[in-house]
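Single-structure report; data block below.
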Amino acid sequence: MMDYSKIMCRRVQDIQPSGIRKYFDLLQGMEGGISLGIGEPDFPTPWHIRDAGIFSLEKGFTKYTPNAGLSDLRAAISRYLKRRFGLEYAGVGQILVTVGGSEGLDLTFRALLEPGDEVIIPTPSFVCYGPLVSMAHGVPVLVQTRAEHEFRLTPEELRAAVTPRTKALVLPFPCNPTGGVMGRGDLEALASVLRGTDIMVISDEIYAELTYGGRHVSMANLPDMYERTVVVNGFSKAYSMTGWRLGYVCGPKPIIAAMTKLHQYGIMSAPTTSQYAAIEALDHGDGDIEAMRDEYDGRRRFLVDGFRKLGLSCFEPLGAFYTFPCVKSTGLTSEQFADRFLAEQKVAVIPGPAFGPGGEGYVRACYAASMRDLAEALNRLERFLKTL
Amino acid sequence: MKNLLQLLEDDSTLTHAQLAAMTGMTEAEVSAAVAQYEKDRIILGYKTIVDWDRTQQESVTALIEVSVTPQRGEGFDRVAQRIYQYDEVESLYLMSGGAYDMTVTISGRTLKEVAQFVGEKLAPIEGVTGTATHFILKKYKEKHLIFPVQEVQEERFVFE
């Protein structure tokens with residue numbers, strides 16, 4: 001009898017299973033259930049983008065691409081970043097096309113971290129940062145952001161977390177699950193802590209196109225920060241292309257070169273069909289971005305307003321497609337709230353602690369759902385709150 | 001952000017309370033604005049898109065190209081009025097291009113009913129010089145709504 005727990009990598013075994021999964025398992029068998037749990041656009045990929053992928057297949061473009069991605073795609077990414085965010089990255093040498101933003105994050109950690117290096121991760125945030133850092137032999141240093149700061153990372157919090165072993169800071173803004181954003185002034189305050197250090201910023205900008213106050217600002221836009229920032233982005237959220245598995249990283253040439261080395265051994269190249277579709281998205285998809293963002297914006301306002309009217313305080317999320325209402329007033333923990341709301345009213349939300357420290361007392365509700373579902377979810381919430 | 005008209009054009013079932021939340025207006029402001037739009041005939045009405053093929057009820061729709069002699073002093077409007085007054089006429093458009101002048105759509109219960117309307121009502125109208133009737137065999141999309149059932153991807157768990 002093989003004892004696989006003795007064979008398998010200790011670090012993998014130490015990774016905790018997701019606390020989110022059970023909500024989906026429960027929801028699956030439920031008639032009339034509503035999920036505000038999943039973090040995914042509910043639009044299909046715009047047709048002209050799908051069509052470009054299909055056309056590439058018709059032309060027989062089914063081979064590997066260059067390791068770093070099609071040169072036309074990297075040129076298109078370069079133009080796009082300049083046009084939309086004022087970022088200057090050269091298609092050759094500074095951009096690597098990856099299998100989703102997630103691969104970009106994984107590669108960045110693996111390219112940067114020595115065993116024991118610390119990576120500061122503001123929480124609540126996307127669940128993958130900690131495990132990816134651990135698998136790259138790094139040490140995640142979790143720093144709680146707070147509702148009273150609108151879930152921004154403050155320079156004081158950053159300074160308190162920095163040690164001589166700090167290798168990098170993850171900046172997950174606009175933020176999943178809080179919907180928090182960091183403006184230029186907020187970033188400038190962090191930059192003043194980081195300038196003159198060797199700490200790298202890993203800026204996860206996958207939600208950069210989904211902001212509702214003003215345009216997204218990247219840490220790489222700030223003086224002296226360009227050279228200490230790796231920007232991770234992708235097509236999933238901006239163009240509703242989650243299943244195409246396509247993202248990219250941009251940064252200083254030596255780091256991108258190291259990441260390209262890892263990528264070519266582990267992945268070879270990102271999916272070819274997806275890359276052709278992505279060129280179409282970048283060159284002709286600005287209108288799709290605006291249309292989807294406008295759609296989300298209405299739902300966002302509706303859901304936040306609904307929570308507040310029902311007596312749940314909810315800070316205004318200015319990015320991504322999540323709301324993060326506070327459920328402390330119900331007297332329930334986040335998990336009790338999520339469990340009972342699902343069991344009694346068949347609506348799935350995710351308890352805040354699933355996204356790390358600082359999440360207790362909150363739940364994540366995603367508004368990438370139809371208005372009808374959102375309205376019905378609020379009706380059920382009203383009924384649920386009355387039973388408490 | 002979408003404005004009130006865009007939101008209502010997409011989904012007229014949204015309540016004024018919902019529209020208020022979505023636009024940041026008060027409910028009273030939404031009601032006042034909608035009333036004004038209706039008064040100004042910017043909002044003409046609220047309808048439902050029905051796929052009659054999924055019901056027991058027989059229905060047939062025809063698209064008719066109509067050639068018209070414009071009337072002195074009144075252009076096409078006088079003839080158009082004589083056409084659109086019929087309840088059977090669903091829509092009527094003045095077209096550019098030389099082949100014909102107007103497009104009419106008509107729905108009826110049977111082919112015969114529609115043919116009868118064209119032959120007995122539409123064609124004899126003064127100023128109408130010719131018609132070409134095309135029956136619609138299958139509706140795929142109307143007002144951005146797709147008629148055939150769309151397959152959905154397998155439900156799945158993702159860690160996001």
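Following the order of the structure tokens, first chain is A, next is B, and so on, with residues numbered from 1 inside each chain and ligands from 1 in the order they appear.
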Can you build me a table of chain B residues sitting at most 10 Å from chain A, with the closest atom pair per residue and its distance in Å to one decimal, using only C-alpha atoms, sorted by chain and residue number, as CSV?
residue,atom,partner,partner_atom,distance
B:Met1,CA,A:Asp294,CA,4.6
B:Lys2,CA,A:Asp294,CA,5.7
B:Asn3,CA,A:Gly298,CA,9.3
B:Leu7,CA,A:Gly298,CA,8.6
B:Asp11,CA,A:Met371,CA,9.5
B:Thr13,CA,A:Arg372,CA,9.6
B:Leu14,CA,A:Met371,CA,8.5
B:Ala17,CA,A:Phe302,CA,9.2
B:Gln18,CA,A:Phe302,CA,6.5
B:Leu19,CA,A:Phe302,CA,8.0
B:Ala20,CA,A:Phe302,CA,8.2
B:Ala21,CA,A:Phe302,CA,4.7
B:Met22,CA,A:Gly298,CA,4.3
B:Thr23,CA,A:Gly298,CA,6.5
B:Gly24,CA,A:Arg301,CA,7.3
B:Glu155,CA,A:Gln28,CA,8.1
B:Arg156,CA,A:Phe24,CA,8.2
B:Phe157,CA,A:Phe24,CA,6.4
B:Val158,CA,A:Ile38,CA,7.1
B:Phe159,CA,A:Ile20,CA,7.6
B:Glu160,CA,A:Gly39,CA,5.3
Go ahead and write the selection's residues with C-alpha atoms as a short mmCIF file (atom, residue, chain, number, x, y, z; two decimals), in the first residue's frame.
data_model
loop_
_atom_site.label_atom_id
_atom_site.label_comp_id
_atom_site.auth_asym_id
_atom_site.auth_seq_id
_atom_site.Cartn_x
_atom_site.Cartn_y
_atom_site.Cartn_z
CA MET B 1 -22.95 54.72 -17.09
CA LYS B 2 -26.09 54.00 -19.05
CA ASN B 3 -28.78 56.66 -18.99
CA LEU B 7 -31.67 51.16 -19.53
CA ASP B 11 -35.44 46.19 -20.26
CA THR B 13 -39.62 45.79 -16.81
CA LEU B 14 -37.12 47.61 -14.57
CA ALA B 17 -36.99 52.13 -7.83
CA GLN B 18 -34.48 49.92 -9.64
CA LEU B 19 -33.80 52.56 -12.28
CA ALA B 20 -33.23 55.11 -9.52
CA ALA B 21 -30.65 52.89 -7.84
CA MET B 22 -28.91 52.16 -11.13
CA THR B 23 -28.61 55.79 -12.21
CA GLY B 24 -28.14 57.49 -8.86
CA GLU B 155 -21.75 24.47 -14.74
CA ARG B 156 -18.45 24.46 -12.97
CA PHE B 157 -16.63 25.58 -9.90
CA VAL B 158 -13.92 28.16 -10.31
CA PHE B 159 -11.66 29.56 -7.76
CA GLU B 160 -11.89 33.25 -8.36
#
Run DSSP on the backbone and grab whatever in range 40-75 of chain B lands in strand (DSSP E); send it over as a ChimeraX atom specification.
-> /B:60-68
Minimum-distance residue to Lys82 in chain A, chosen among A:Leu112, A:Ala220, A:Ala270, A:Cys366 (using only C-alpha atoms) | A:Ala220
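Omitting Glu74 in chain B and its sequence neighbours fewer than 6 positions away, and counting only C-alpha atoms, the residues within 12 Å are Ala80, Gln81 and Gly127 of chain B.
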Excluding Ile125 in chain B and any residue of its chain fewer than 6 positions from it, enumerate the residues within 9 Å of it, using only C-alpha atoms, and give them as a compact mmCIF listing (two decimals) with N, CA and C atoms, in the first residue's frame.
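Written out: result03.txt:
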# COMPACT_ATOMS: atom_id res chain seq x y z
N VAL B 79 -49.30 58.88 -48.08
CA VAL B 79 -49.47 57.45 -48.40
C VAL B 79 -49.12 56.60 -47.17
N ARG B 82 -51.90 56.37 -44.84
CA ARG B 82 -52.97 55.45 -45.29
C ARG B 82 -52.59 54.00 -45.02
N ILE B 83 -51.28 53.76 -44.99
CA ILE B 83 -50.83 52.37 -44.73
C ILE B 83 -50.80 52.09 -43.23
Excluding same-chain residues fewer than 2 positions from Leu122 in chain B, what lies within 10 Å of it counting only C-alpha atoms, as a list of chain:residue names?
-> B:Ile64, B:Val66, B:Arg82, B:Ile83, B:Tyr84, B:Tyr86, B:Val89, B:Val104, B:Ala115, B:Gln116, B:Phe117, B:Val118, B:Gly119, B:Glu120, B:Pro124, B:Ile125, B:Glu126, B:Val128, B:Gly130, B:Thr131
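When CA of Leu171 in chain A is paired with CA of Arg184 in chain A, their separation reads 13.2 Å.
CA of Thr272 in chain A to CA of Leu132 in chain A spans 25.5 Å [interatomic distance, one decimal].
Using only C-alpha atoms, the residues found no farther than 9 Å from Thr145 in chain A, other than those of its own chain fewer than 3 positions away, are Pro122, Thr123, Pro124, Glu148, His149, Glu150, Phe151, Arg152, Leu153, Thr154, Glu157, Pro357 and Gly358 of chain A.
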Out of range 293-369 of chain A, which residues get helix (DSSP H, G or I) from DSSP, as a JSON list (two decimals) with N, CA and C atoms, in the first residue's frame?
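Listed below is the output, out-v6.json:
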[["chain", "number", "residue", "atom", "x", "y", "z"],
["A", 293, "ARG", "N", -18.75, 47.62, -19.12],
["A", 293, "ARG", "CA", -18.55, 48.38, -17.88],
["A", 293, "ARG", "C", -19.82, 49.17, -17.54],
["A", 294, "ASP", "N", -20.45, 49.77, -18.54],
["A", 294, "ASP", "CA", -21.70, 50.51, -18.29],
["A", 294, "ASP", "C", -22.77, 49.59, -17.73],
["A", 295, "GLU", "N", -22.82, 48.40, -18.26],
["A", 295, "GLU", "CA", -23.79, 47.41, -17.80],
["A", 295, "GLU", "C", -23.51, 47.04, -16.33],
["A", 296, "TYR", "N", -22.25, 46.75, -16.04],
["A", 296, "TYR", "CA", -21.88, 46.42, -14.66],
["A", 296, "TYR", "C", -22.19, 47.58, -13.71],
["A", 297, "ASP", "N", -21.94, 48.78, -14.19],
["A", 297, "ASP", "CA", -22.09, 49.95, -13.32],
["A", 297, "ASP", "C", -23.51, 50.08, -12.81],
["A", 298, "GLY", "N", -24.49, 49.88, -13.68],
["A", 298, "GLY", "CA", -25.89, 49.95, -13.26],
["A", 298, "GLY", "C", -26.20, 48.89, -12.20],
["A", 299, "ARG", "N", -25.71, 47.69, -12.42],
["A", 299, "ARG", "CA", -25.96, 46.60, -11.48],
["A", 299, "ARG", "C", -25.25, 46.86, -10.15],
["A", 300, "ARG", "N", -24.06, 47.41, -10.24],
["A", 300, "ARG", "CA", -23.27, 47.74, -9.05],
["A", 300, "ARG", "C", -24.04, 48.72, -8.17],
["A", 301, "ARG", "N", -24.53, 49.78, -8.79],
["A", 301, "ARG", "CA", -25.26, 50.80, -8.04],
["A", 301, "ARG", "C", -26.52, 50.19, -7.42],
["A", 302, "PHE", "N", -27.17, 49.34, -8.20],
["A", 302, "PHE", "CA", -28.41, 48.72, -7.74],
["A", 302, "PHE", "C", -28.16, 47.84, -6.51],
["A", 303, "LEU", "N", -27.11, 47.02, -6.58],
["A", 303, "LEU", "CA", -26.85, 46.07, -5.49],
["A", 303, "LEU", "C", -26.39, 46.80, -4.22],
["A", 304, "VAL", "N", -25.49, 47.76, -4.38],
["A", 304, "VAL", "CA", -25.01, 48.52, -3.21],
["A", 304, "VAL", "C", -26.17, 49.25, -2.54],
["A", 305, "ASP", "N", -26.99, 49.89, -3.36],
["A", 305, "ASP", "CA", -28.16, 50.60, -2.86],
["A", 305, "ASP", "C", -29.10, 49.63, -2.13],
["A", 306, "GLY", "N", -29.26, 48.44, -2.70],
["A", 306, "GLY", "CA", -30.14, 47.43, -2.10],
["A", 306, "GLY", "C", -29.64, 47.00, -0.73],
["A", 307, "PHE", "N", -28.35, 46.72, -0.62],
["A", 307, "PHE", "CA", -27.79, 46.33, 0.69],
["A", 307, "PHE", "C", -28.01, 47.43, 1.71],
["A", 308, "ARG", "N", -27.73, 48.65, 1.29],
["A", 308, "ARG", "CA", -27.83, 49.76, 2.24],
["A", 308, "ARG", "C", -29.28, 49.95, 2.70],
["A", 309, "LYS", "N", -30.20, 49.84, 1.75],
["A", 309, "LYS", "CA", -31.62, 50.02, 2.12],
["A", 309, "LYS", "C", -32.07, 48.94, 3.09],
["A", 328, "LYS", "N", -21.98, 42.36, 9.98],
["A", 328, "LYS", "CA", -21.81, 42.33, 11.44],
["A", 328, "LYS", "C", -23.12, 42.66, 12.17],
["A", 329, "SER", "N", -23.92, 43.56, 11.56],
["A", 329, "SER", "CA", -25.16, 43.99, 12.21],
["A", 329, "SER", "C", -26.15, 42.84, 12.38],
["A", 330, "THR", "N", -25.95, 41.73, 11.66],
["A", 330, "THR", "CA", -26.88, 40.61, 11.78],
["A", 330, "THR", "C", -26.56, 39.75, 13.00],
["A", 334, "SER", "N", -19.47, 35.75, 9.19],
["A", 334, "SER", "CA", -19.58, 35.70, 7.72],
["A", 334, "SER", "C", -20.02, 34.32, 7.25],
["A", 335, "GLU", "N", -19.43, 33.30, 7.86],
["A", 335, "GLU", "CA", -19.71, 31.94, 7.42],
["A", 335, "GLU", "C", -21.14, 31.53, 7.78],
["A", 336, "GLN", "N", -21.56, 31.88, 9.00],
["A", 336, "GLN", "CA", -22.94, 31.57, 9.39],
["A", 336, "GLN", "C", -23.91, 32.25, 8.44],
["A", 337, "PHE", "N", -23.60, 33.51, 8.14],
["A", 337, "PHE", "CA", -24.47, 34.27, 7.23],
["A", 337, "PHE", "C", -24.56, 33.56, 5.88],
["A", 338, "ALA", "N", -23.40, 33.23, 5.31],
["A", 338, "ALA", "CA", -23.37, 32.62, 3.98],
["A", 338, "ALA", "C", -24.05, 31.25, 4.00],
["A", 339, "ASP", "N", -23.79, 30.47, 5.04],
["A", 339, "ASP", "CA", -24.39, 29.12, 5.15],
["A", 339, "ASP", "C", -25.91, 29.21, 5.22],
["A", 340, "ARG", "N", -26.38, 30.09, 6.10],
["A", 340, "ARG", "CA", -27.83, 30.16, 6.31],
["A", 340, "ARG", "C", -28.55, 30.81, 5.13],
["A", 341, "PHE", "N", -27.92, 31.84, 4.54],
["A", 341, "PHE", "CA", -28.53, 32.51, 3.39],
["A", 341, "PHE", "C", -28.70, 31.51, 2.25],
["A", 342, "LEU", "N", -27.72, 30.65, 2.07],
["A", 342, "LEU", "CA", -27.81, 29.63, 1.02],
["A", 342, "LEU", "C", -28.84, 28.56, 1.40],
["A", 343, "ALA", "N", -28.78, 28.08, 2.63],
["A", 343, "ALA", "CA", -29.68, 26.99, 3.02],
["A", 343, "ALA", "C", -31.14, 27.46, 3.05],
["A", 344, "GLU", "N", -31.36, 28.68, 3.54],
["A", 344, "GLU", "CA", -32.74, 29.13, 3.75],
["A", 344, "GLU", "C", -33.32, 29.87, 2.56],
["A", 345, "GLN", "N", -32.47, 30.57, 1.80],
["A", 345, "GLN", "CA", -33.00, 31.38, 0.70],
["A", 345, "GLN", "C", -32.37, 31.03, -0.66],
["A", 352, "GLY", "N", -16.34, 36.52, 3.67],
["A", 352, "GLY", "CA", -15.12, 37.32, 3.53],
["A", 352, "GLY", "C", -13.83, 36.63, 3.93],
["A", 353, "PRO", "N", -13.84, 35.82, 5.02],
["A", 353, "PRO", "CA", -12.59, 35.21, 5.45],
["A", 353, "PRO", "C", -11.98, 34.27, 4.42],
["A", 354, "ALA", "N", -12.76, 33.82, 3.43],
["A", 354, "ALA", "CA", -12.18, 33.00, 2.35],
["A", 354, "ALA", "C", -11.10, 33.77, 1.60],
["A", 355, "PHE", "N", -11.11, 35.10, 1.73],
["A", 355, "PHE", "CA", -10.14, 35.94, 1.01],
["A", 355, "PHE", "C", -9.05, 36.46, 1.93]]
Would you kindly return, as number ranges by chain, each protein, DNA or RNA residue with an atom no farther than 7 Å from any atom of range 98-104 of chain A, considering only C-alpha atoms and excluding same-chain residues fewer than 5 positions away?
-> A: 206, 232-234, 245-249, 270
Resulting file, chosen residues, N, CA and C atoms, as a short mmCIF file (atom, residue, chain, number, x, y, z; two decimals), in the first residue's frame:
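Written out: again-v6.cif:
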data_model
loop_
_atom_site.label_atom_id
_atom_site.label_comp_id
_atom_site.auth_asym_id
_atom_site.auth_seq_id
_atom_site.Cartn_x
_atom_site.Cartn_y
_atom_site.Cartn_z
N ILE A 206 -5.72 43.00 -13.42
CA ILE A 206 -6.67 42.27 -14.25
C ILE A 206 -8.02 42.98 -14.33
N VAL A 232 0.78 42.73 -14.13
CA VAL A 232 0.10 41.51 -14.58
C VAL A 232 -1.29 41.90 -15.06
N ASN A 233 -1.64 41.47 -16.25
CA ASN A 233 -2.95 41.82 -16.79
C ASN A 233 -3.42 40.68 -17.68
N GLY A 234 -4.58 40.83 -18.28
CA GLY A 234 -5.08 39.76 -19.13
C GLY A 234 -6.39 40.14 -19.78
N ARG A 245 -8.18 31.66 -21.57
CA ARG A 245 -6.95 31.54 -20.77
C ARG A 245 -5.80 32.35 -21.36
N LEU A 246 -5.94 33.65 -21.34
CA LEU A 246 -4.89 34.47 -21.92
C LEU A 246 -4.65 35.72 -21.08
N GLY A 247 -3.39 35.92 -20.74
CA GLY A 247 -2.99 37.10 -20.00
C GLY A 247 -1.61 37.55 -20.44
N TYR A 248 -1.05 38.51 -19.74
CA TYR A 248 0.30 38.94 -20.08
C TYR A 248 0.95 39.63 -18.89
N VAL A 249 2.27 39.63 -18.90
CA VAL A 249 3.02 40.38 -17.89
C VAL A 249 3.95 41.34 -18.60
N ALA A 270 1.34 30.31 -25.05
CA ALA A 270 -0.09 30.40 -24.73
C ALA A 270 -0.90 29.95 -25.95
#
Nearest residue to Thr105 in chain B from the set B:Val60, B:Ala123, B:Leu8, B:Ile49 (distances using only C-alpha atoms) = B:Val60
The distance between CA of Pro172 in chain A and CA of Leu187 in chain A is 12.0 Å
